[in-house]
file work_29.csv (CSV, C-alpha atoms and all ligand atoms)
chain,number,residue,atom,x,y,z
M,111,ARG,CA,-102.8,103.3,-45.5
M,112,PRO,CA,-99.7,102.6,-47.7
M,113,ARG,CA,-96.5,102.1,-45.7
M,114,VAL,CA,-93.5,104.4,-45.9
M,115,LEU,CA,-90.0,103.7,-44.7
M,116,SER,CA,-86.8,105.7,-44.9
M,117,GLY,CA,-83.5,106.2,-43.2
M,118,ILE,CA,-80.7,108.7,-42.7
M,119,GLN,CA,-77.2,108.3,-41.4
M,120,PRO,CA,-76.0,110.2,-38.3
M,121,THR,CA,-72.7,111.0,-39.9
M,122,ALA,CA,-72.5,114.7,-39.3
M,123,ASP,CA,-73.3,117.2,-36.5
M,124,SER,CA,-76.2,118.4,-38.5
M,125,PHE,CA,-78.4,117.4,-41.5
M,126,HIS,CA,-78.0,119.6,-44.5
M,127,LEU,CA,-80.2,121.5,-47.0
M,128,GLY,CA,-80.0,118.6,-49.5
M,129,ASN,CA,-81.2,116.0,-46.9
M,130,TYR,CA,-84.0,118.4,-45.9
M,131,LEU,CA,-85.3,119.1,-49.4
M,132,GLY,CA,-84.5,115.7,-51.0
M,133,ALA,CA,-85.9,113.6,-48.2
M,134,LEU,CA,-86.8,114.9,-44.8
M,135,ARG,CA,-89.5,117.3,-45.8
M,136,GLN,CA,-91.3,114.4,-47.5
M,137,TRP,CA,-90.9,112.3,-44.4
M,138,VAL,CA,-92.8,114.9,-42.5
M,139,ALA,CA,-95.5,115.3,-45.1
M,140,MET,CA,-96.0,111.5,-45.5
M,141,GLN,CA,-96.6,110.8,-41.8
M,142,ASP,CA,-100.1,112.1,-42.3
M,143,THR,CA,-100.9,110.0,-45.3
M,144,HIS,CA,-98.9,106.8,-44.7
M,145,ASP,CA,-98.1,104.3,-42.0
M,146,ALA,CA,-94.6,105.7,-41.4
M,147,PHE,CA,-91.3,104.2,-40.2
M,148,TYR,CA,-88.2,106.4,-40.1
M,149,CYS,CA,-84.9,105.3,-38.8
M,150,VAL,CA,-81.6,106.8,-37.9
M,151,VAL,CA,-79.2,104.3,-39.4
M,152,ASP,CA,-76.3,104.0,-37.0
M,153,LEU,CA,-75.2,100.6,-38.3
M,154,HIS,CA,-74.6,102.2,-41.7
M,155,ALA,CA,-72.6,105.0,-39.9
M,156,ILE,CA,-69.9,102.6,-38.8
M,157,THR,CA,-69.0,101.5,-42.4
M,158,VAL,CA,-66.4,104.2,-42.2
M,159,GLU,CA,-64.0,104.8,-39.3
M,160,HIS,CA,-65.8,106.6,-36.5
M,161,ASP,CA,-65.5,107.7,-32.9
M,162,PRO,CA,-68.0,106.0,-30.5
M,163,ALA,CA,-68.7,109.1,-28.4
M,164,VAL,CA,-69.3,111.2,-31.5
M,165,LEU,CA,-71.6,108.6,-33.0
M,166,ARG,CA,-73.6,108.5,-29.8
M,167,ARG,CA,-74.0,112.3,-29.8
M,168,ARG,CA,-74.8,112.5,-33.5
M,169,THR,CA,-77.5,109.9,-33.2
M,170,LYS,CA,-79.3,111.9,-30.6
M,171,VAL,CA,-78.9,115.1,-32.5
M,172,ALA,CA,-80.3,113.4,-35.5
M,173,VAL,CA,-83.4,112.2,-33.7
M,174,ALA,CA,-83.9,115.7,-32.1
M,175,GLN,CA,-83.7,117.3,-35.6
M,176,LEU,CA,-86.2,114.9,-37.0
M,177,LEU,CA,-88.7,115.7,-34.2
M,178,ALA,CA,-87.9,119.5,-34.6
M,179,MET,CA,-88.7,119.3,-38.3
M,180,GLY,CA,-92.2,118.1,-37.4
M,181,LEU,CA,-92.1,114.3,-37.1
M,182,ASP,CA,-94.6,113.3,-34.4
M,183,PRO,CA,-93.8,110.2,-32.5
M,184,GLU,CA,-97.5,109.5,-32.1
M,185,ARG,CA,-98.1,109.6,-35.9
M,186,ALA,CA,-94.8,108.1,-37.1
M,187,THR,CA,-92.5,105.5,-35.8
M,188,VAL,CA,-89.1,107.1,-35.3
M,189,PHE,CA,-86.4,104.7,-34.2
M,190,VAL,CA,-82.7,103.9,-34.2
M,191,GLN,CA,-81.6,101.1,-36.5
M,192,SER,CA,-79.4,99.3,-33.9
M,193,HIS,CA,-82.4,99.0,-31.5
M,194,VAL,CA,-83.9,96.5,-33.9
M,195,PRO,CA,-81.4,93.7,-34.4
M,196,GLU,CA,-83.5,92.1,-37.2
M,197,HIS,CA,-82.0,94.7,-39.6
M,198,ALA,CA,-78.6,93.0,-39.3
M,199,GLU,CA,-80.1,89.5,-39.4
M,200,LEU,CA,-82.1,90.1,-42.6
M,201,ALA,CA,-79.0,91.7,-44.1
M,202,TRP,CA,-77.2,88.4,-43.7
M,203,VAL,CA,-79.9,86.5,-45.5
M,204,LEU,CA,-80.2,89.0,-48.3
M,205,GLY,CA,-76.4,89.0,-48.6
M,206,CYS,CA,-76.5,85.3,-49.4
M,207,LEU,CA,-78.8,86.1,-52.3
M,208,THR,CA,-76.7,88.9,-53.7
M,209,GLY,CA,-74.1,88.3,-56.4
M,210,PHE,CA,-70.6,89.6,-55.7
M,211,GLY,CA,-70.5,91.4,-59.0
M,212,GLU,CA,-74.0,92.8,-58.5
M,213,ALA,CA,-72.9,94.5,-55.2
M,214,GLY,CA,-69.7,95.6,-56.9
M,215,ARG,CA,-71.7,97.6,-59.5
M,216,MET,CA,-73.1,100.0,-56.8
M,217,THR,CA,-71.8,103.5,-57.8
M,218,GLN,CA,-71.8,104.9,-54.3
M,219,PHE,CA,-69.5,102.1,-53.2
M,220,LYS,CA,-67.2,102.7,-56.1
M,221,ASP,CA,-67.0,106.4,-55.3
M,222,LYS,CA,-66.5,106.0,-51.6
M,223,SER,CA,-64.0,103.2,-51.9
M,224,SER,CA,-61.9,104.9,-54.5
M,225,LYS,CA,-61.7,107.9,-52.0
M,226,GLN,CA,-60.8,105.6,-49.1
M,227,GLY,CA,-58.2,103.5,-50.9
M,228,THR,CA,-58.2,99.7,-50.7
M,229,ALA,CA,-56.7,99.6,-47.2
M,230,GLY,CA,-59.4,101.9,-45.8
M,231,THR,CA,-62.3,100.2,-47.5
M,232,THR,CA,-64.2,97.8,-45.3
M,233,VAL,CA,-66.4,94.8,-46.2
M,234,GLY,CA,-69.2,96.7,-44.4
M,235,LEU,CA,-69.0,99.5,-46.9
M,236,PHE,CA,-69.3,96.9,-49.7
M,237,THR,CA,-72.4,95.3,-48.2
M,238,TYR,CA,-73.9,98.6,-47.2
M,239,PRO,CA,-76.7,98.5,-49.8
M,240,ILE,CA,-77.7,95.0,-48.7
M,241,LEU,CA,-78.3,96.3,-45.2
M,242,GLN,CA,-80.3,99.2,-46.7
M,243,ALA,CA,-82.4,96.6,-48.5
M,244,ALA,CA,-83.0,94.8,-45.2
M,245,ASP,CA,-84.0,98.1,-43.6
M,246,ILE,CA,-86.7,98.5,-46.2
M,247,LEU,CA,-87.9,95.0,-46.7
M,248,LEU,CA,-88.3,94.3,-43.0
M,249,TYR,CA,-91.2,96.7,-43.1
M,250,SER,CA,-93.0,95.1,-46.1
M,251,PRO,CA,-96.6,95.3,-45.2
M,252,GLU,CA,-98.3,92.0,-44.6
M,253,PRO,CA,-101.4,91.0,-46.6
M,254,GLY,CA,-104.1,93.3,-45.4
M,255,GLU,CA,-101.7,96.0,-44.3
M,256,GLY,CA,-100.4,98.9,-46.2
M,257,ALA,CA,-103.1,98.6,-48.9
M,258,ARG,CA,-103.1,101.3,-51.6
M,259,ALA,CA,-106.2,103.5,-51.6
M,260,VAL,CA,-108.0,102.1,-54.5
M,261,PRO,CA,-111.1,104.0,-55.5
M,262,GLY,CA,-114.1,101.8,-54.5
M,263,GLY,CA,-111.9,100.2,-51.9
M,264,VAL,CA,-110.3,96.8,-51.7
M,265,GLY,CA,-111.5,94.9,-48.7
M,266,GLY,CA,-110.0,91.8,-47.2
M,267,ARG,CA,-106.5,90.6,-48.1
M,268,PRO,CA,-105.1,92.3,-51.1
M,269,PRO,CA,-102.5,90.4,-53.1
M,270,THR,CA,-98.9,91.5,-52.8
M,271,GLY,CA,-99.2,93.7,-55.9
M,272,GLU,CA,-101.7,95.8,-54.1
M,273,ARG,CA,-99.5,96.4,-51.1
M,274,ALA,CA,-97.4,99.5,-51.2
M,275,LEU,CA,-94.0,100.3,-49.6
M,276,ARG,CA,-92.7,103.7,-50.5
M,277,VAL,CA,-89.3,105.1,-49.8
M,278,PRO,CA,-88.8,108.9,-50.0
M,279,VAL,CA,-85.1,109.5,-50.9
M,280,GLY,CA,-82.9,111.8,-53.0
M,281,GLU,CA,-81.6,110.8,-56.5
M,282,ASP,CA,-78.4,109.3,-55.1
M,283,GLN,CA,-80.3,106.4,-53.6
M,284,ARG,CA,-82.0,105.3,-56.8
M,285,GLN,CA,-79.6,102.5,-57.5
M,286,HIS,CA,-79.8,101.1,-54.0
M,287,LEU,CA,-83.6,101.1,-54.3
M,288,GLU,CA,-83.4,99.2,-57.6
M,289,LEU,CA,-81.2,96.6,-55.9
M,290,THR,CA,-83.7,96.3,-53.1
M,291,ARG,CA,-86.5,95.6,-55.6
M,292,VAL,CA,-84.4,92.9,-57.3
M,293,LEU,CA,-83.6,91.2,-54.0
M,294,ALA,CA,-87.2,91.3,-52.9
M,295,GLN,CA,-88.3,89.7,-56.2
M,296,ARG,CA,-85.5,87.1,-56.0
M,297,PHE,CA,-86.4,86.1,-52.4
M,298,ASN,CA,-90.1,85.9,-53.4
M,299,HIS,CA,-89.3,83.8,-56.4
M,300,ARG,CA,-87.1,81.3,-54.4
M,301,PHE,CA,-89.0,81.1,-51.2
M,302,GLY,CA,-92.5,82.3,-51.8
M,303,GLU,CA,-94.2,85.7,-51.7
M,304,THR,CA,-92.8,87.5,-48.7
M,305,PHE,CA,-91.5,91.0,-49.5
M,306,VAL,CA,-93.2,94.0,-51.3
M,307,PRO,CA,-90.8,95.5,-53.8
M,308,PRO,CA,-90.5,99.1,-52.7
M,309,GLU,CA,-91.2,102.2,-54.8
M,310,ALA,CA,-88.6,105.0,-54.7
M,311,HIS,CA,-90.4,108.3,-54.0
M,312,ILE,CA,-88.0,110.8,-55.6
M,313,LEU,CA,-89.3,114.3,-55.9
M,314,GLN,CA,-88.5,116.1,-59.2
M,315,GLY,CA,-86.7,119.4,-58.6
M,316,ALA,CA,-85.3,118.7,-55.0
M,317,ALA,CA,-83.8,115.3,-55.5
M,318,LYS,CA,-80.3,116.6,-56.2
M,319,ILE,CA,-79.4,119.8,-54.4
M,320,THR,CA,-75.9,120.7,-55.4
M,321,ASP,CA,-72.8,122.1,-53.6
M,322,LEU,CA,-72.9,125.9,-53.4
M,323,GLN,CA,-69.2,126.1,-54.4
M,324,GLU,CA,-69.3,123.3,-57.0
M,325,PRO,CA,-72.7,123.5,-58.5
M,326,GLU,CA,-72.2,120.4,-60.7
M,327,ALA,CA,-71.5,118.2,-57.6
M,328,LYS,CA,-74.1,116.9,-55.1
M,329,MET,CA,-74.2,118.7,-51.7
M,330,SER,CA,-72.7,116.0,-49.5
M,331,LYS,CA,-71.8,115.6,-45.9
M,332,SER,CA,-68.6,113.7,-46.8
M,333,ALA,CA,-67.5,115.5,-50.0
M,334,SER,CA,-68.6,119.1,-49.8
M,335,SER,CA,-66.4,121.9,-48.3
M,336,PRO,CA,-68.0,123.8,-45.4
M,337,GLN,CA,-68.6,126.7,-47.8
M,338,GLY,CA,-70.5,124.4,-50.2
M,339,ILE,CA,-73.0,123.1,-47.7
M,340,ILE,CA,-75.8,124.6,-45.6
M,341,ASP,CA,-76.4,122.9,-42.3
M,342,VAL,CA,-79.9,122.8,-40.8
M,343,LEU,CA,-78.4,123.7,-37.4
M,344,GLU,CA,-76.2,126.5,-38.7
M,345,GLU,CA,-76.4,130.1,-37.2
M,346,PRO,CA,-78.2,132.6,-39.5
M,347,GLY,CA,-75.0,134.7,-40.1
M,348,PRO,CA,-72.9,132.0,-41.8
M,349,MET,CA,-76.0,130.7,-43.6
M,350,ARG,CA,-76.6,134.1,-45.3
M,351,LYS,CA,-72.9,134.5,-46.1
M,352,LYS,CA,-72.7,131.1,-47.8
M,353,ILE,CA,-75.7,131.8,-50.0
M,354,MET,CA,-74.4,135.3,-50.9
M,355,ARG,CA,-71.1,133.8,-51.9
M,356,ALA,CA,-72.6,130.8,-53.8
M,357,VAL,CA,-70.8,130.3,-57.1
M,358,THR,CA,-72.8,131.6,-60.1
M,359,ASP,CA,-71.8,132.5,-63.6
M,360,THR,CA,-70.6,135.8,-65.1
M,361,GLY,CA,-74.1,136.7,-66.4
M,362,SER,CA,-76.8,138.5,-64.5
M,363,GLU,CA,-80.1,136.9,-65.4
M,364,VAL,CA,-81.9,134.7,-63.0
M,365,VAL,CA,-82.9,132.0,-65.3
M,366,HIS,CA,-83.0,128.2,-65.2
M,367,ASP,CA,-80.3,126.6,-67.4
M,368,GLU,CA,-78.8,123.4,-66.2
M,369,GLU,CA,-75.9,123.4,-68.6
M,370,LYS,CA,-74.8,127.0,-68.6
M,371,LYS,CA,-76.0,128.3,-65.3
M,372,ALA,CA,-75.7,125.3,-62.9
M,373,GLY,CA,-75.2,127.6,-59.8
M,374,ILE,CA,-78.3,129.8,-60.4
M,375,THR,CA,-80.3,126.7,-61.4
M,376,ASN,CA,-79.5,125.1,-58.1
M,377,LEU,CA,-80.5,128.3,-56.2
M,378,LEU,CA,-83.7,128.5,-58.1
M,379,ARG,CA,-84.5,124.9,-57.2
M,380,ILE,CA,-83.9,125.6,-53.6
M,381,TYR,CA,-86.0,128.7,-53.7
M,382,ALA,CA,-88.9,127.0,-55.5
M,383,ALA,CA,-88.8,124.1,-53.1
M,384,LEU,CA,-88.8,126.3,-50.0
M,385,ASP,CA,-91.3,128.9,-51.2
M,386,GLY,CA,-93.7,126.8,-53.2
M,387,THR,CA,-93.4,129.2,-56.2
M,388,SER,CA,-92.6,127.7,-59.6
M,389,ILE,CA,-89.3,128.3,-61.3
M,390,PRO,CA,-90.9,130.2,-64.2
M,391,ASP,CA,-92.7,132.5,-61.7
M,392,LEU,CA,-89.4,133.1,-59.9
M,393,GLU,CA,-87.7,133.9,-63.2
M,394,ARG,CA,-90.4,136.5,-63.9
M,395,ARG,CA,-90.2,137.9,-60.4
M,396,TYR,CA,-86.4,138.5,-60.7
M,397,ALA,CA,-86.3,139.5,-64.3
M,398,GLY,CA,-83.8,142.4,-64.5
M,399,SER,CA,-83.0,142.5,-60.8
M,400,GLY,CA,-79.6,140.8,-60.9
M,401,TYR,CA,-78.2,138.0,-58.6
M,402,GLY,CA,-77.8,140.1,-55.5
M,403,GLN,CA,-81.5,140.7,-54.6
M,404,PHE,CA,-82.3,137.1,-55.5
M,405,LYS,CA,-79.7,135.7,-53.3
M,406,LYS,CA,-80.6,138.0,-50.4
M,407,ASP,CA,-84.2,136.9,-50.6
M,408,LEU,CA,-83.2,133.3,-50.8
M,409,ALA,CA,-80.9,133.6,-47.8
M,410,GLN,CA,-83.9,135.1,-45.8
M,411,LEU,CA,-86.1,132.2,-46.8
M,412,VAL,CA,-83.5,129.6,-45.7
M,413,VAL,CA,-82.9,131.4,-42.4
M,414,ASP,CA,-86.7,131.6,-41.8
M,415,THR,CA,-87.0,127.9,-42.5
M,416,PHE,CA,-84.2,126.6,-40.4
M,417,ALA,CA,-84.1,129.0,-37.4
M,418,PRO,CA,-87.2,127.5,-35.7
M,419,ILE,CA,-85.9,124.0,-36.4
M,420,ARG,CA,-82.6,124.9,-34.8
M,421,GLU,CA,-84.3,126.3,-31.7
M,422,ARG,CA,-86.5,123.3,-31.3
M,423,THR,CA,-83.6,120.9,-31.7
M,424,LEU,CA,-81.6,122.6,-29.0
M,425,ALA,CA,-84.6,122.5,-26.7
M,426,LEU,CA,-85.1,118.8,-27.4
M,427,LEU,CA,-81.5,118.0,-26.7
M,428,ASP,CA,-81.9,119.6,-23.3
M,429,ASP,CA,-84.6,117.1,-22.4
M,430,GLU,CA,-82.7,113.8,-22.7
M,431,LYS,CA,-85.5,111.8,-20.9
M,432,GLN,CA,-88.0,112.9,-23.5
M,433,LEU,CA,-85.8,111.8,-26.4
M,434,ASP,CA,-85.2,108.4,-24.7
M,435,ARG,CA,-88.9,107.9,-24.3
M,436,VAL,CA,-89.5,108.6,-28.0
M,437,LEU,CA,-86.8,106.1,-28.9
M,438,ALA,CA,-88.1,103.5,-26.6
M,439,LEU,CA,-91.6,103.8,-28.1
M,440,GLY,CA,-90.1,103.8,-31.6
M,441,ALA,CA,-88.0,100.7,-30.9
M,442,GLU,CA,-91.0,98.8,-29.6
M,443,ARG,CA,-93.2,99.6,-32.5
M,444,ALA,CA,-90.5,98.9,-35.1
M,445,SER,CA,-89.5,95.7,-33.4
M,446,GLY,CA,-93.1,94.4,-33.5
M,447,VAL,CA,-93.2,94.6,-37.3
M,448,ALA,CA,-89.6,93.5,-37.8
M,449,ALA,CA,-90.0,90.4,-35.5
M,450,ARG,CA,-93.0,89.2,-37.5
M,451,THR,CA,-91.3,89.6,-40.9
M,452,MET,CA,-88.2,87.9,-39.6
M,453,GLU,CA,-90.2,85.0,-38.3
M,454,THR,CA,-91.6,84.4,-41.7
M,455,VAL,CA,-88.2,84.8,-43.4
M,456,ARG,CA,-86.5,82.2,-41.0
M,457,ASP,CA,-89.3,79.8,-41.7
M,458,ARG,CA,-89.2,80.3,-45.5
M,459,VAL,CA,-85.5,80.0,-45.7
M,460,GLY,CA,-85.6,76.7,-43.9
M,461,PHE,CA,-84.3,77.5,-40.4
M,462,VAL,CA,-85.6,75.2,-37.7
M,463,GLY,CA,-87.9,76.9,-35.2
M,464,ARG,CA,-86.9,76.9,-31.5
M,465,GLY,CA,-90.1,75.0,-30.7
V,501,LIG,P1,-78.0,109.8,-46.3
V,501,LIG,O1,-77.9,109.7,-44.9
V,501,LIG,O2,-76.7,110.1,-47.1
V,501,LIG,O3,-79.0,110.9,-46.8
V,501,LIG,C1,-80.3,111.0,-46.3
V,501,LIG,C2,-81.2,111.4,-47.3
V,501,LIG,O4,-80.9,112.7,-47.9
V,501,LIG,C3,-80.8,112.5,-49.3
V,501,LIG,N1,-79.8,113.5,-49.9
V,501,LIG,C4,-80.0,114.4,-50.8
V,501,LIG,N2,-81.2,114.8,-51.5
V,501,LIG,C5,-81.0,115.8,-52.3
V,501,LIG,N3,-79.9,116.5,-52.6
V,501,LIG,C6,-78.8,116.1,-51.9
V,501,LIG,N4,-77.6,116.8,-52.2
V,501,LIG,C7,-78.8,115.1,-51.0
V,501,LIG,N5,-77.9,114.5,-50.2
V,501,LIG,C8,-78.5,113.5,-49.5
V,501,LIG,C9,-80.5,111.1,-49.6
V,501,LIG,O5,-80.8,110.7,-50.9
V,501,LIG,C10,-81.3,110.4,-48.5
V,501,LIG,O6,-82.6,110.2,-48.9
V,501,LIG,N6,-78.2,105.0,-47.7
V,501,LIG,C11,-79.0,106.1,-47.2
V,501,LIG,C12,-79.5,105.9,-45.8
V,501,LIG,C13,-80.4,104.7,-45.6
V,501,LIG,C14,-81.7,104.5,-46.2
V,501,LIG,C15,-82.2,103.2,-45.7
V,501,LIG,C16,-82.5,105.3,-47.0
V,501,LIG,C17,-80.1,103.5,-44.9
V,501,LIG,N7,-81.2,102.7,-45.0
V,501,LIG,C18,-83.4,102.8,-46.0
V,501,LIG,C19,-83.8,104.8,-47.3
V,501,LIG,C20,-84.2,103.6,-46.8
V,501,LIG,C21,-78.1,107.3,-47.1
V,501,LIG,O7,-76.9,107.2,-47.0
V,501,LIG,O8,-78.7,108.5,-46.9
call {"tool": "encode", "arguments": {"input": "work_29.csv", "output": "structure tokens"}}
result
Amino acid sequence: RPRVLSGIQPTADSFHLGNYLGALRQWVAMQDTHDAFYCVVDLHAITVEHDPAVLRRRTKVAVAQLLAMGLDPERATVFVQSHVPEHAELAWVLGCLTGFGEAGRMTQFKDKSSKQGTAGTTVGLFTYPILQAADILLYSPEPGEGARAVPGGVGGRPPTGERALRVPVGEDQRQHLELTRVLAQRFNHRFGETFVPPEAHILQGAAKITDLQEPEAKMSKSASSPQGIIDVLEEPGPMRKKIMRAVTDTGSEVVHDEEKKAGITNLLRIYAALDGTSIPDLERRYAGSGYGQFKKDLAQLVVDTFAPIRERTLALLDDEKQLDRVLALGAERASGVAARTMETVRDRVGFVGRG
């Protein structure tokens, strides 16, 4: 089976609709077809100022939400990044292969640091994408693991090119994935074939869900106003209200038009992704019915999707022991893979073994 790895930050009290459609739904689907590793990236969460008690709570809520969305700890390895110290260790090595200018070109860093100002911007925020590359490359399948399904079958030990490492993410992660590929290739070139350059798995249509109040901007934990964002754990009442009040245009036709109707286009994308109906079919269904009915139906669809996830999350949070067991199992499985990769890396780089 090909391998899949992805991560999410525990930086809010709930994941949001963009996280769900852009990434998390794919995580759940891919656990059945891939050898899956999914982590809650708490090391990334401290690149901005944080409160320790809040981080601890959000990390648990994050894990509970992932399980409530359908990740099964038997089928997928669900773990917390800080439980596997190799992530930070590999990040150091990769940092020593990254150009200063190269890291400085990351647009997410430029956006976030310009908001924080020079005084509030940490070195951790600057090296963030290198840690992300480490998260991914640590789980590079070894020869014989993670083979693509090639018709006719490839037995034995496929060469690196045959090994697959897929990363389901939203559009905003594309540049970080590209850096990860470059670093994998650079390491391999200098020290011998070790890492599998990952493939971004970015779904057309749901890869950039936008803010309900500012439909040109990404729906974002850090940048959106509460009215612009739908939280997975939100109560149905406010959820409906936010969708009914979502910014649209002065027209009345439910049609896809990125330029002139960014608001309706975003809502159509959300509807299509949740319902499995194509956008042209939705346009036909709502021809002549105006925005009100369309929004009402969409609100119902969102409520129906998230209400059971919310209930299961709350139930899971009541059973702390069960969550701890899941995390212990995840940490053990992830550590097994990470330790082997890191052993190879230390050797290739030239560190002397402990004997
Ligand atoms: P994070 O925590 O910001 O977001 C988690 C996932 O949600 C996607 N996403 C969106 N997709 C569509 N529309 C949106 N409005 C939207 N907002 C967020 C993100 O693209 C992401 O897939 N750097 C990563 C976390 C990370 C990671 C990794 C990801 C750390 N290590 C290794 C993959 C592999 C981030 O900040 O995601």
call {"tool": "closest_residue", "arguments": {"input": "work_29.csv", "among": "M:Arg379, M:Arg166, M:His160, M:Arg111", "to": "ligand LIG 501 (chain V)", "atoms": "all atoms listed in the file"}}
result
M:Arg379
call {"tool": "residues_around", "arguments": {"input": "work_29.csv", "residues": "M:Leu426", "least_positions_apart": "4", "cutoff": "8 Å", "atoms": "all atoms listed in the file", "output": "list in words"}}
result
Ala174, Ala178, Arg422, Glu430, Gln432 and Leu433 of chain M
call {"tool": "write_last_selection", "arguments": {"input": "work_29.csv", "atoms": "C-alpha atoms", "output": "PDB file, in the coordinates of the input"}}
result
ATOM      1  CA  ALA M 174     -83.900 115.700 -32.100  1.00  0.00           C
ATOM      2  CA  ALA M 178     -87.900 119.500 -34.600  1.00  0.00           C
ATOM      3  CA  ARG M 422     -86.500 123.300 -31.300  1.00  0.00           C
ATOM      4  CA  GLU M 430     -82.700 113.800 -22.700  1.00  0.00           C
ATOM      5  CA  GLN M 432     -88.000 112.900 -23.500  1.00  0.00           C
ATOM      6  CA  LEU M 433     -85.800 111.800 -26.400  1.00  0.00           C
TER       7      LEU M 433
END
call {"tool": "closest_residue", "arguments": {"input": "work_29.csv", "among": "M:Gly209, M:Gly465, M:Pro346, M:Gly446", "to": "M:Arg420", "atoms": "only C-alpha atoms"}}
result
M:Pro346
call {"tool": "residues_near_ligand", "arguments": {"input": "work_29.csv", "ligand": "ligand LIG 501 (chain V)", "cutoff": "8 Å", "atoms": "all atoms listed in the file", "output": "count of residues only"}}
result
46
call {"tool": "closest_residue", "arguments": {"input": "work_29.csv", "among": "M:Leu384, M:Ala172, M:Val114, M:Val364", "to": "M:Tyr148", "atoms": "all atoms listed in the file"}}
result
M:Val114
call {"tool": "atom_distance", "arguments": {"input": "work_29.csv", "atom1": "atom CA of M:Ser332", "atom2": "atom CA of M:Trp202"}}
result
26.9 Å
call {"tool": "atom_distance", "arguments": {"input": "work_29.csv", "atom1": "atom CA of M:Leu378", "atom2": "atom CA of M:Arg394"}}
result
11.9 Å
call {"tool": "residues_around", "arguments": {"input": "work_29.csv", "residues": "M:Lys222", "least_positions_apart": "2", "cutoff": "10 Å", "atoms": "all atoms listed in the file", "output": "MDAnalysis selection string"}}
result
chainID M and resid 158 217:220 224:227 231 235:236 332:333
call {"tool": "closest_residue", "arguments": {"input": "work_29.csv", "among": "M:Gly398, M:Gly386, M:Pro336, M:Pro162", "to": "M:Lys351", "atoms": "all atoms listed in the file"}}
result
M:Pro336
call {"tool": "closest_residue", "arguments": {"input": "work_29.csv", "among": "M:Phe416, M:Phe210, M:Trp137, M:Phe147", "to": "M:Ile340", "atoms": "only C-alpha atoms"}}
result
M:Phe416
call {"tool": "decode", "arguments": {"input": "work_29.csv", "residues": "stretch 137-141 of chain M", "atoms": "all heavy atoms", "output": "short mmCIF file (atom, residue, chain, number, x, y, z; two decimals), in the first residue's frame"}}
result
data_model
loop_
_atom_site.label_atom_id
_atom_site.label_comp_id
_atom_site.auth_asym_id
_atom_site.auth_seq_id
_atom_site.Cartn_x
_atom_site.Cartn_y
_atom_site.Cartn_z
N TRP M 137 -8.23 12.45 4.74
CA TRP M 137 -7.51 11.61 5.70
C TRP M 137 -8.32 10.35 5.99
O TRP M 137 -7.80 9.24 6.00
CB TRP M 137 -7.28 12.32 7.04
CG TRP M 137 -6.37 13.50 7.05
CD1 TRP M 137 -6.01 14.30 6.00
CD2 TRP M 137 -5.71 14.04 8.20
NE1 TRP M 137 -5.17 15.29 6.43
CE2 TRP M 137 -4.98 15.16 7.78
CE3 TRP M 137 -5.69 13.69 9.56
CZ2 TRP M 137 -4.21 15.93 8.66
CZ3 TRP M 137 -4.92 14.45 10.43
CH2 TRP M 137 -4.19 15.55 9.97
N VAL M 138 -9.62 10.58 6.26
CA VAL M 138 -10.48 9.45 6.62
C VAL M 138 -10.59 8.48 5.44
O VAL M 138 -10.43 7.27 5.60
CB VAL M 138 -11.88 9.94 7.08
CG1 VAL M 138 -12.79 8.76 7.38
CG2 VAL M 138 -11.76 10.86 8.30
N ALA M 139 -10.82 9.02 4.25
CA ALA M 139 -10.98 8.14 3.08
C ALA M 139 -9.70 7.36 2.81
O ALA M 139 -9.76 6.17 2.46
CB ALA M 139 -11.36 8.98 1.86
N MET M 140 -8.56 7.98 3.01
CA MET M 140 -7.30 7.34 2.62
C MET M 140 -6.83 6.28 3.62
O MET M 140 -5.92 5.51 3.32
CB MET M 140 -6.21 8.41 2.39
CG MET M 140 -6.49 9.23 1.14
SD MET M 140 -5.40 10.67 0.97
CE MET M 140 -4.12 10.03 -0.10
N GLN M 141 -7.45 6.25 4.81
CA GLN M 141 -7.00 5.21 5.76
C GLN M 141 -7.34 3.81 5.24
O GLN M 141 -6.73 2.83 5.67
CB GLN M 141 -7.59 5.43 7.16
CG GLN M 141 -9.08 5.12 7.26
CD GLN M 141 -9.66 5.36 8.66
OE1 GLN M 141 -8.93 5.39 9.64
NE2 GLN M 141 -10.96 5.54 8.73
#
